[in-house]
Amino acid sequence: MKRYSPKDIEAKWQKKWQASGIYKAVEDSNKPKRYVLEYFPYPSGSAMHVGHVRNYTIGDVIARFYRMRGYSVLHPMGWDAFGLPAENYAIKNNISPKQAILENTTKFKQQLIQMGFSYDWGREINSSDPKYYKWTQWFFKLLFERGLAYQKESLQWWCDTDKTVLANEQVENGKCWRCGNEVTKKALKQWFFKITDYADRLAEDLDKLDWSEGIKAMQRNWIGKSVGTEVDFTVEGSKNKITVFTTRVDTIFSAAFMVLAPENPLVSELTTPDNQKAVLNYIKESESKSDIARMEEDREKTGVFTGSYAINPANGQKIPVWIADFVLAGYGTGAVFGDIHDERDFEFAKKFNIPVKPTVLPENPQESKKVQAKEYAFTGEGILVDSGEFTGMRSSEAREKITVWLANKGTGREKVNYKIRDWLISRQRYWGAPIPIIHCSEHGAVAVPDDQLPVELPEVESYQPTGEGTSVLAGVTEWVNTRCPTCGKPAKRETDTMDGFACSSWYFLRFADPHNDKEAFDKDKVKFWLPVDDYIGGAEHAVMHLLYARMWTMVMHDAGLLDFDEPFSALRNQGMILAPDGRKMSKSWDNVIAPDDIISQGYGADSVRIMELFIGPWNQSAVWSIEGMGGTFRFLQRVWTLSQEFLENNKAKELNDAVQAKELYTLIHKAIHKVSKDLNNLGFNTAIAYLMETVNGLYKLKIDGFKDTKAWNFTLNRLLQIMAPFAPHITEELWLQLGHEGSIHISKWPVHDEKYLINDQLTLAVQVNGKVRAEITVSKDGSKEDIQKLALAQKNVKKYLVNKKPTKVIYVPGRLISIVV
RNA sequence: GGGCGAGUGGUGGAAUGGUUUACACAAAAGACUUAAAAUCUUUCCCGUUUAUAGCGGUUGUGGGUUCGAAUCCCACCUCGCCCACCA
């Protein structure tokens with residue numbers, strides 16, 4: 001008998017599948033469709049580890065399940081090839097980024113193929129291919145023409161290691177998301193996408209998505225919608241006014257001081273000569289302070305008085321105007337009023353001895369006393385005092401009324417603010433899609449005409465960034481110098497490139513029509529496949545890719561290119577795989593486990609795939625277990641051995657045994673039912689556990705021999721089919737050995753027969769006062785009365801019923817009978 | 001400080017109102033073998049007991065609802081991830 005040896009079968013089938021094209025996605029309108037997509041990978045220098053592989057395994061099992069259930073399945077793969085790591089890798093290894101991508105994608109592809117993933121490789125795309133980025137540029141133009149791409153000079157996050165600006169989303173705790181070094185601010189003219197125009201829609205539409213609450217919460221938090229009031233304060237002896245944003249206009253009568261951000265342009269005008277020196281010093285100091293220091297927790301409040309006073313429009317009170325770096329220039333109006341109803345303000349007031357007094361009090365009299373004694377900053381809702389005509393109102397009512405009152409006086413208005421800032425898209429690096437803009441001294445920024453797309457990246461000598469705030473493209477004079485598309489006069493090309501997130505904001509659409517050279521995609525093809533039904537990936541993209549892609553989809557929808565405005569109906573966030581030491585897998589920890597090593601140790605891809613899912617719930621993190629691999633391998637080996645033994649026995653004449661046949665049918669139909677149900681609910685680990693249980697059951701039956709040929713044949717065939725999404729190689733091989741011609745992976749998913757799911761005999765637990773005291777076996781259609789009688793007759797039950805009568809009997813069919821005394 | 005998730009045997013986990021610990025790992029014993037590996041079979045929460053049955057206990061802690069709670073409610077503790085001076 002031949003032993004199970006994955007290396008003898010896996011590569012063979014991978015080649016055959018590729019040749020026969022069984023995973024090709026076909027638009028068949030007679031079938032329902034399913035678009036299963038995993039985030040397309042970034043082909044970095046380090047190969048994929050078992051954590052990445054889990055992501056693809058989840059997608060592949062889903063894709064295979066739907067394919068067998070008769071769906072038209074699109075399961076594509078491509079490469080997010082532009083970006084910093086590829087360029088840095090190229091510089092380090094002294095090769096071109098193009099060459100680096102070629103090397104890395106070759107390695108990644110080989111890794112994916114050896115795992116037996118069912119991708120339609122005919123749809124492979126690469127975002128650094130001019131045939132692809134031509135359309136990325138085309139979409140840039142779409143945004144530009146719709147007023148959603150613009151240039152602005154301002155202070156930007158700058159990473160001095162990577163020599164480029166970064167988007168807000170790419171700065172984590174004041175550090176560059178790529179290299180981890182502290183970022184600084186630099187004044188540069190940059191390109192932005194106006195994602196703020198979509199802030200409200202991006203927040204509101206989250207409700208209609210089947211995404212994990214965690215990711216939705218992260219996006220809501222990032223967008224940071226807050227509804228409040230803008231209030232204008234006049235400045236004593238000046239025409240200037242200071243506008244503030246507040247969500248608590250009900251506290252306006254308590255305003256005791258104003259605070260402006262040091263960067264607020266009003267500061268220089270409001271500063272009186274006496275205070276000039278102190279203010280300038282403070283501004284200088286806060287500029288030089290690193291953002292890490294500025295964001296430090298529990299930092300003591302700092303600030304200086306400007307010498308000016310503002311007038312509270314609510315009560316005419318004169319209050320001092322300060323500047324302090326706890327007020328952010330970029331949010332709201334860059335100015336706030338301060339009072340005792342905010343912890344930060346109260347802290348500030350205490351530090352600088354500014355008198356404050358509450359005008360909102362808690363309803364609880366004890367707490368109210370404490371607040372009046374200024375024991376703490378009362379930030380909750382309550383009843384207004386000393387607030388003119390609003391005294392006695394509740395906070396919520398007062399907010400509405402005061403806003404209307406201020407609006408009528410012309411000194412206030414309702415206002416919605418967002419934390420999200422526009423998306424900074426330009427990068428001072430070589431390896432990205434060039435921004436398709438030409439700068440003309442007469443016509444300004446002009447889009448490159450469609451017939452001149454793509455604007456191809458020119459070859460350069462060195463990819464080393466200059467650090468001067470421009471990309472190396474600025475040095476390619478013959479490329480930079482061109483003519484204005486409008487007037488034909490000499491003009492210069494934009495030399496910044498787009499961030500890689502532009503490329504990934506539409507790739508899921510390109511998979512529907514990857515080779516189209518007339519347009520980005522054919523509308524009908526996109527209509528057939530999109531939106532993505534299952535989008536699988538980690539949570540690290542929550543406020544980057546997942547937000548950007550949603551915005552682009554909305555823009556395309558508004559431009560009439562799409563008839564949907566959300567790209568990903570369901571998002572599946574897989575849990576991380578940790579190294580056996582419990583830490584994240586990383587080169588620097590030297591704890592990375594690559595699938596290649598496990599496969600070459602003889603376990604094979606099927607065992608790895610099963611381990612990825614059996615290790616725990618797919619959406620929770622898990623520690624990789626090397627020992628566990630033995631278990632998944634043994635399981636597959638048992639299936640193999642059982643099949644071989646059956647095939648050898650099967651050569652003899654046909655045998656019949658009704659008793660064994662019934663047991664076999666019961667086992668397999670239950671398995672079909674359970675595995676189908678679990679796959680529908682993404683219960684991969686429990687589906688595998690049940691398959692193992694089923695195989696254990698078959699081994700028990702085997703002890704008596706293969707007594708019914710037909711039933712064994714049926715059972716093994718169905719078992720292989722329901723195992724096929726998890727272990728595609730071994731099931732395909734055994735399917736062939738059992739005499740089938742076509743591939744198991746396009747065979748019809750089996751349906752269970754209900755009659756085998758019902759047991760004739762049931763085992764019930766008998767409880768007395770909630771404790772299990774006995775077990776009884778009853779017929780499935782026994783009446784409650786009969787069962788109750790039997791239960792009460794149990795020796796160990798009687799013991800507890802001496803001199804007592806049951807007050808209540810609860811019968812849960814198929815489970816238990818509970819007697820209460 | 002805010003948000004999200006988790007806490008069950010030696011370990012990963014199963015069970016989402018109904019017999020806690022399915023499935024697997026690790027460990028132990030037996031069969032086969034000259035031997036080992038592999039394979040097959042069995043045992044495996046704690047206490048009480050020579051042992052089995054039985055009895056008692058047990059899902060982070062404390063309380064509640066219920067005939068019955070890992071599951072629902074209240075309070076608290078611990079761990080992980082994300083965000084954080086956003087007025």
# chains A, B, ... in the order shown; residues from 1 in each chain; ligands from 1
$ residues_around --residues "B:G64" --least-positions-apart "4" --cutoff "12 Å" --atoms "only C-alpha atoms (C1' of nucleotides)" --output "MDAnalysis selection string"
chainID B and resid 69 72:75
$ write_last_selection --atoms "N, CA, C and O atoms (P, O5', C5', C4', C3', O3' and C1' of nucleotides)" --output "short mmCIF file (atom, residue, chain, number, x, y, z; two decimals), in the first residue's frame"
data_model
loop_
_atom_site.label_atom_id
_atom_site.label_comp_id
_atom_site.auth_asym_id
_atom_site.auth_seq_id
_atom_site.Cartn_x
_atom_site.Cartn_y
_atom_site.Cartn_z
P A B 69 -27.93 27.78 36.88
"O5'" A B 69 -27.72 28.07 35.32
"C5'" A B 69 -26.93 27.21 34.50
"C4'" A B 69 -25.92 28.05 33.73
"C3'" A B 69 -24.88 28.76 34.62
"O3'" A B 69 -23.68 28.86 33.89
"C1'" A B 69 -26.12 30.36 33.46
P C B 72 -23.97 36.43 27.02
"O5'" C B 72 -25.34 36.81 27.75
"C5'" C B 72 -26.53 37.03 27.00
"C4'" C B 72 -27.61 37.56 27.91
"C3'" C B 72 -27.17 38.61 28.91
"O3'" C B 72 -27.12 39.89 28.31
"C1'" C B 72 -28.47 37.00 30.03
P C B 73 -26.10 41.00 28.87
"O5'" C B 73 -26.80 41.45 30.23
"C5'" C B 73 -28.02 42.17 30.22
"C4'" C B 73 -28.38 42.53 31.65
"C3'" C B 73 -27.27 43.20 32.43
"O3'" C B 73 -27.22 44.59 32.15
"C1'" C B 73 -28.16 41.47 33.74
P C B 74 -25.81 45.37 32.24
"O5'" C B 74 -25.58 45.48 33.82
"C5'" C B 74 -26.40 46.31 34.62
"C4'" C B 74 -25.96 46.22 36.06
"C3'" C B 74 -24.49 46.47 36.30
"O3'" C B 74 -24.16 47.83 36.31
"C1'" C B 74 -25.17 44.55 37.52
P A B 75 -22.71 48.30 35.85
"O5'" A B 75 -21.81 47.84 37.09
"C5'" A B 75 -21.88 48.55 38.33
"C4'" A B 75 -21.02 47.86 39.36
"C3'" A B 75 -19.55 47.70 38.98
"O3'" A B 75 -18.81 48.88 39.17
"C1'" A B 75 -20.36 45.66 39.85
#
$ residues_around --residues "stretch 31-46 of chain B" --least-positions-apart "6" --cutoff "12 Å" --atoms "only C-alpha atoms (C1' of nucleotides)" --output "list in words"
Arg3, Arg634, Gln637, Arg638, Thr641, Asn696, Tyr699, Lys700, Lys702 and Ile703 of chain A; U8, G9, G10, U20, U21, G56, G57, U58 and U59 of chain B
$ interface_residues --of "chain B" --to "chain A" --cutoff "8 Å" --atoms "only C-alpha atoms (C1' of nucleotides)" --output "list in words"
G3, C4, G12, G13, A14, G18, U19, A22, C23, A24, C25, C67, G68, C82, C83, C85, C86 and A87 of chain B
$ write_last_selection --atoms "C-alpha atoms (C1' of nucleotides)" --output "CSV table (one decimal), in the first residue's frame"
chain,number,residue,atom,x,y,z
B,3,G,C1',-13.3,52.3,21.7
B,4,C,C1',-13.1,47.1,20.4
B,12,G,C1',-4.9,25.4,21.5
B,13,G,C1',-9.8,25.4,21.8
B,14,A,C1',-15.7,23.3,21.8
B,18,G,C1',-30.2,22.7,28.7
B,19,U,C1',-25.4,16.6,30.5
B,22,A,C1',-16.2,18.1,21.4
B,23,C,C1',-11.7,18.0,18.2
B,24,A,C1',-6.5,18.4,18.6
B,25,C,C1',-1.6,18.9,21.1
B,67,C,C1',-36.4,24.8,37.2
B,68,G,C1',-31.5,25.3,34.9
B,82,C,C1',-6.6,50.4,18.2
B,83,C,C1',-7.2,55.6,19.0
B,85,C,C1',-5.0,67.5,24.5
B,86,C,C1',-10.2,66.8,18.3
B,87,A,C1',-12.8,71.6,22.6
$ select_by_dssp --residues "stretch 375-567 of chain A" --states "strand (DSSP E)" --output "ChimeraX atom specification"
/A:383-384,412-417,423-424,426-427,437-440,444-447,481-483,490-493,497-498,534-537
$ closest_residue --among "A:Asp120, A:Glu461, A:Asp606, A:Asp80" --to "A:Gly432" --atoms "only C-alpha atoms"
A:Asp80
$ atom_distance --atom1 "atom CA of A:Lys677" --atom2 "atom CA of A:Ile722"
11.4 Å
$ residues_around --residues "A:Pro531" --least-positions-apart "4" --cutoff "7 Å" --atoms "only C-alpha atoms (C1' of nucleotides)" --output "MDAnalysis selection string"
chainID A and resid 567:569
$ write_last_selection --atoms "all heavy atoms" --output "CSV table (one decimal), in the first residue's frame"
chain,number,residue,atom,x,y,z
A,567,PRO,N,-17.6,49.4,-1.8
A,567,PRO,CA,-16.9,48.4,-2.6
A,567,PRO,C,-16.9,47.0,-1.9
A,567,PRO,O,-16.8,46.0,-2.6
A,567,PRO,CB,-15.4,48.9,-2.7
A,567,PRO,CG,-15.3,49.8,-1.5
A,567,PRO,CD,-16.6,50.4,-1.3
A,568,PHE,N,-17.0,47.0,-0.6
A,568,PHE,CA,-16.8,45.7,0.1
A,568,PHE,C,-18.0,45.4,1.0
A,568,PHE,O,-18.1,46.0,2.1
A,568,PHE,CB,-15.5,45.7,1.0
A,568,PHE,CG,-14.3,46.3,0.3
A,568,PHE,CD1,-13.7,47.4,0.8
A,568,PHE,CD2,-13.8,45.8,-0.9
A,568,PHE,CE1,-12.6,48.0,0.2
A,568,PHE,CE2,-12.7,46.4,-1.6
A,568,PHE,CZ,-12.1,47.5,-1.0
A,569,SER,N,-18.9,44.5,0.5
A,569,SER,CA,-20.1,44.2,1.3
A,569,SER,C,-19.8,43.7,2.7
A,569,SER,O,-20.3,44.1,3.7
A,569,SER,CB,-21.0,43.3,0.6
A,569,SER,OG,-21.2,43.7,-0.7
$ closest_residue --among "A:Arg67, A:Arg510, A:Arg201, A:Lys492" --to "A:Glu124" --atoms "only C-alpha atoms"
A:Arg510
$ atom_distance --atom1 "atom CA of A:Tyr89" --atom2 "atom CA of A:Ile101"
9.3 Å
$ residues_around --residues "A:Thr184" --least-positions-apart "5" --cutoff "7 Å" --atoms "only C-alpha atoms (C1' of nucleotides)" --output "list in words"
Trp157, Trp158 and Cys159 of chain A
$ write_last_selection --atoms "all heavy atoms" --output "compact mmCIF listing (two decimals), in the first residue's frame"
# COMPACT_ATOMS: atom_id res chain seq x y z
N TRP A 157 3.68 66.43 7.61
CA TRP A 157 4.51 65.42 8.23
C TRP A 157 5.61 65.05 7.25
O TRP A 157 5.34 64.78 6.10
CB TRP A 157 3.71 64.18 8.58
CG TRP A 157 2.66 64.40 9.61
CD1 TRP A 157 1.31 64.34 9.43
CD2 TRP A 157 2.87 64.70 10.98
NE1 TRP A 157 0.66 64.59 10.62
CE2 TRP A 157 1.59 64.81 11.58
CE3 TRP A 157 4.00 64.89 11.78
CZ2 TRP A 157 1.42 65.10 12.94
CZ3 TRP A 157 3.82 65.17 13.12
CH2 TRP A 157 2.54 65.28 13.69
N TRP A 158 6.84 65.04 7.74
CA TRP A 158 7.97 64.72 6.90
C TRP A 158 8.83 63.67 7.59
O TRP A 158 9.16 63.81 8.78
CB TRP A 158 8.80 65.99 6.65
CG TRP A 158 10.11 65.74 5.95
CD1 TRP A 158 11.34 65.55 6.53
CD2 TRP A 158 10.33 65.63 4.54
NE1 TRP A 158 12.29 65.33 5.57
CE2 TRP A 158 11.72 65.39 4.34
CE3 TRP A 158 9.50 65.73 3.41
CZ2 TRP A 158 12.28 65.23 3.07
CZ3 TRP A 158 10.07 65.58 2.16
CH2 TRP A 158 11.44 65.33 1.99
N CYS A 159 9.15 62.60 6.87
CA CYS A 159 10.03 61.57 7.43
C CYS A 159 11.41 61.77 6.84
O CYS A 159 11.58 61.68 5.62
CB CYS A 159 9.52 60.17 7.12
SG CYS A 159 10.71 58.91 7.64
$ residues_around --residues "stretch 662-665 of chain A" --least-positions-apart "3" --cutoff "10 Å" --atoms "only C-alpha atoms (C1' of nucleotides)" --output "MDAnalysis selection string"
chainID A and resid 657:659 668:671 694 697:698 701 708 711:712 714:716 752:753 755:757
$ select_by_dssp --residues "stretch 652-738 of chain A" --states "alpha helix (DSSP H)" --output "compact mmCIF listing (two decimals) with N, CA and C atoms, in the first residue's frame"
# COMPACT_ATOMS: atom_id res chain seq x y z
N ALA A 658 -26.74 -4.23 5.63
CA ALA A 658 -27.68 -3.13 5.86
C ALA A 658 -27.37 -2.37 7.15
N VAL A 659 -26.93 -3.09 8.19
CA VAL A 659 -26.68 -2.44 9.47
C VAL A 659 -25.51 -1.47 9.36
N GLN A 660 -24.42 -1.96 8.78
CA GLN A 660 -23.26 -1.07 8.63
C GLN A 660 -23.58 0.07 7.67
N ALA A 661 -24.30 -0.22 6.61
CA ALA A 661 -24.66 0.81 5.64
C ALA A 661 -25.39 1.96 6.33
N LYS A 662 -26.32 1.61 7.21
CA LYS A 662 -27.07 2.66 7.88
C LYS A 662 -26.16 3.52 8.77
N GLU A 663 -25.24 2.85 9.42
CA GLU A 663 -24.31 3.60 10.28
C GLU A 663 -23.44 4.54 9.45
N LEU A 664 -23.00 4.05 8.31
CA LEU A 664 -22.18 4.88 7.43
C LEU A 664 -22.96 6.08 6.92
N TYR A 665 -24.17 5.83 6.47
CA TYR A 665 -24.97 6.94 5.94
C TYR A 665 -25.27 7.98 7.02
N THR A 666 -25.52 7.49 8.22
CA THR A 666 -25.78 8.42 9.32
C THR A 666 -24.56 9.30 9.57
N LEU A 667 -23.38 8.65 9.62
CA LEU A 667 -22.15 9.41 9.85
C LEU A 667 -21.94 10.47 8.78
N ILE A 668 -22.04 10.09 7.53
CA ILE A 668 -21.66 11.00 6.45
C ILE A 668 -22.71 12.09 6.23
N HIS A 669 -23.97 11.77 6.38
CA HIS A 669 -24.97 12.82 6.18
C HIS A 669 -24.91 13.87 7.29
N LYS A 670 -24.62 13.40 8.49
CA LYS A 670 -24.43 14.37 9.57
C LYS A 670 -23.22 15.26 9.27
N ALA A 671 -22.19 14.67 8.74
CA ALA A 671 -20.98 15.44 8.43
C ALA A 671 -21.26 16.46 7.33
N ILE A 672 -21.99 16.03 6.30
CA ILE A 672 -22.33 16.96 5.20
C ILE A 672 -23.10 18.15 5.76
N HIS A 673 -24.07 17.83 6.62
CA HIS A 673 -24.90 18.87 7.21
C HIS A 673 -24.06 19.85 8.03
N LYS A 674 -23.25 19.29 8.91
CA LYS A 674 -22.46 20.12 9.83
C LYS A 674 -21.41 20.96 9.10
N VAL A 675 -20.70 20.35 8.18
CA VAL A 675 -19.64 21.07 7.48
C VAL A 675 -20.23 22.18 6.59
N SER A 676 -21.35 21.89 5.94
CA SER A 676 -22.00 22.92 5.10
C SER A 676 -22.43 24.10 5.97
N LYS A 677 -23.04 23.78 7.09
CA LYS A 677 -23.52 24.82 7.99
C LYS A 677 -22.35 25.66 8.51
N ASP A 678 -21.29 24.96 8.93
CA ASP A 678 -20.13 25.68 9.47
C ASP A 678 -19.48 26.55 8.41
N LEU A 679 -19.37 26.06 7.18
CA LEU A 679 -18.74 26.88 6.14
C LEU A 679 -19.57 28.12 5.83
N ASN A 680 -20.88 27.98 5.89
CA ASN A 680 -21.74 29.15 5.70
C ASN A 680 -21.48 30.21 6.76
N PHE A 684 -14.63 27.48 10.45
CA PHE A 684 -13.65 26.56 9.85
C PHE A 684 -13.11 25.57 10.87
N ASN A 685 -12.78 26.05 12.06
CA ASN A 685 -12.16 25.16 13.05
C ASN A 685 -13.12 24.06 13.49
N THR A 686 -14.40 24.38 13.64
CA THR A 686 -15.34 23.35 14.07
C THR A 686 -15.68 22.41 12.92
N ALA A 687 -15.65 22.91 11.69
CA ALA A 687 -15.88 22.05 10.54
C ALA A 687 -14.77 20.99 10.47
N ILE A 688 -13.54 21.43 10.67
CA ILE A 688 -12.42 20.49 10.61
C ILE A 688 -12.52 19.48 11.76
N ALA A 689 -12.88 19.98 12.96
CA ALA A 689 -13.03 19.08 14.11
C ALA A 689 -14.07 18.01 13.79
N TYR A 690 -15.14 18.42 13.12
CA TYR A 690 -16.19 17.44 12.82
C TYR A 690 -15.73 16.43 11.77
N LEU A 691 -14.93 16.91 10.82
CA LEU A 691 -14.37 15.99 9.82
C LEU A 691 -13.49 14.95 10.52
N MET A 692 -12.73 15.42 11.50
CA MET A 692 -11.87 14.49 12.24
C MET A 692 -12.71 13.46 12.99
N GLU A 693 -13.78 13.96 13.61
CA GLU A 693 -14.67 13.06 14.34
C GLU A 693 -15.27 12.02 13.41
N THR A 694 -15.65 12.48 12.22
CA THR A 694 -16.25 11.57 11.25
C THR A 694 -15.25 10.49 10.86
N VAL A 695 -14.02 10.89 10.63
CA VAL A 695 -13.00 9.92 10.25
C VAL A 695 -12.75 8.94 11.41
N ASN A 696 -12.74 9.46 12.63
CA ASN A 696 -12.59 8.57 13.78
C ASN A 696 -13.73 7.54 13.81
N GLY A 697 -14.93 8.01 13.50
CA GLY A 697 -16.09 7.12 13.45
C GLY A 697 -15.93 6.06 12.38
N LEU A 698 -15.39 6.45 11.24
CA LEU A 698 -15.20 5.48 10.15
C LEU A 698 -14.16 4.43 10.54
N TYR A 699 -13.16 4.84 11.30
CA TYR A 699 -12.15 3.88 11.74
C TYR A 699 -12.77 2.84 12.68
N LYS A 700 -13.71 3.28 13.50
CA LYS A 700 -14.38 2.33 14.40
C LYS A 700 -15.17 1.31 13.58
N LEU A 701 -15.86 1.80 12.55
CA LEU A 701 -16.66 0.90 11.72
C LEU A 701 -15.76 -0.05 10.92
N LYS A 702 -14.59 0.44 10.60
CA LYS A 702 -13.66 -0.34 9.77
C LYS A 702 -13.16 -1.58 10.50
N THR A 709 -20.02 -2.47 0.40
CA THR A 709 -19.21 -1.81 -0.61
C THR A 709 -19.81 -0.48 -1.06
N LYS A 710 -21.10 -0.52 -1.36
CA LYS A 710 -21.76 0.66 -1.90
C LYS A 710 -21.76 1.82 -0.89
N ALA A 711 -22.07 1.51 0.34
CA ALA A 711 -22.13 2.55 1.37
C ALA A 711 -20.75 3.13 1.65
N TRP A 712 -19.74 2.28 1.67
CA TRP A 712 -18.39 2.78 1.89
C TRP A 712 -17.95 3.69 0.75
N ASN A 713 -18.28 3.26 -0.45
CA ASN A 713 -17.92 4.05 -1.61
C ASN A 713 -18.58 5.43 -1.57
N PHE A 714 -19.86 5.42 -1.27
CA PHE A 714 -20.60 6.68 -1.16
C PHE A 714 -20.00 7.57 -0.07
N THR A 715 -19.77 6.97 1.08
CA THR A 715 -19.28 7.72 2.23
C THR A 715 -17.92 8.35 1.95
N LEU A 716 -17.01 7.58 1.39
CA LEU A 716 -15.67 8.12 1.12
C LEU A 716 -15.71 9.24 0.09
N ASN A 717 -16.53 9.06 -0.93
CA ASN A 717 -16.64 10.10 -1.96
C ASN A 717 -17.17 11.41 -1.38
N ARG A 718 -18.20 11.31 -0.55
CA ARG A 718 -18.77 12.52 0.03
C ARG A 718 -17.79 13.15 1.01
N LEU A 719 -17.12 12.30 1.76
CA LEU A 719 -16.13 12.81 2.71
C LEU A 719 -15.07 13.62 1.98
N LEU A 720 -14.58 13.09 0.87
CA LEU A 720 -13.55 13.81 0.12
C LEU A 720 -14.10 15.15 -0.38
N GLN A 721 -15.33 15.14 -0.83
CA GLN A 721 -15.91 16.40 -1.34
C GLN A 721 -16.00 17.48 -0.26
N ILE A 722 -16.47 17.09 0.93
CA ILE A 722 -16.60 18.13 1.96
C ILE A 722 -15.27 18.52 2.58
N MET A 723 -14.25 17.70 2.31
CA MET A 723 -12.90 18.06 2.75
C MET A 723 -12.16 18.88 1.70
N PRO A 728 -7.13 20.56 -0.79
CA PRO A 728 -7.44 20.33 -2.21
C PRO A 728 -6.59 19.25 -2.89
N HIS A 729 -5.36 19.06 -2.44
CA HIS A 729 -4.49 18.11 -3.15
C HIS A 729 -4.84 16.66 -2.86
N ILE A 730 -4.89 16.32 -1.57
CA ILE A 730 -5.13 14.91 -1.22
C ILE A 730 -6.51 14.48 -1.69
N THR A 731 -7.50 15.38 -1.61
CA THR A 731 -8.85 14.99 -2.02
C THR A 731 -8.92 14.79 -3.53
N GLU A 732 -8.19 15.63 -4.27
CA GLU A 732 -8.18 15.48 -5.73
C GLU A 732 -7.53 14.15 -6.12
N GLU A 733 -6.44 13.81 -5.45
CA GLU A 733 -5.73 12.58 -5.76
C GLU A 733 -6.61 11.35 -5.46
N LEU A 734 -7.25 11.35 -4.29
CA LEU A 734 -8.06 10.19 -3.91
C LEU A 734 -9.33 10.11 -4.76
N TRP A 735 -9.84 11.26 -5.16
CA TRP A 735 -11.02 11.33 -6.04
C TRP A 735 -10.70 10.61 -7.36
N LEU A 736 -9.51 10.85 -7.83
CA LEU A 736 -9.06 10.18 -9.06
C LEU A 736 -8.94 8.67 -8.82
N GLN A 737 -8.32 8.33 -7.69
CA GLN A 737 -8.13 6.91 -7.39
C GLN A 737 -9.45 6.18 -7.22
$ closest_residue --among "B:G17, B:G5, B:G30, B:G47" --to "B:A70" --atoms "only C-alpha atoms (C1' of nucleotides)"
B:G17
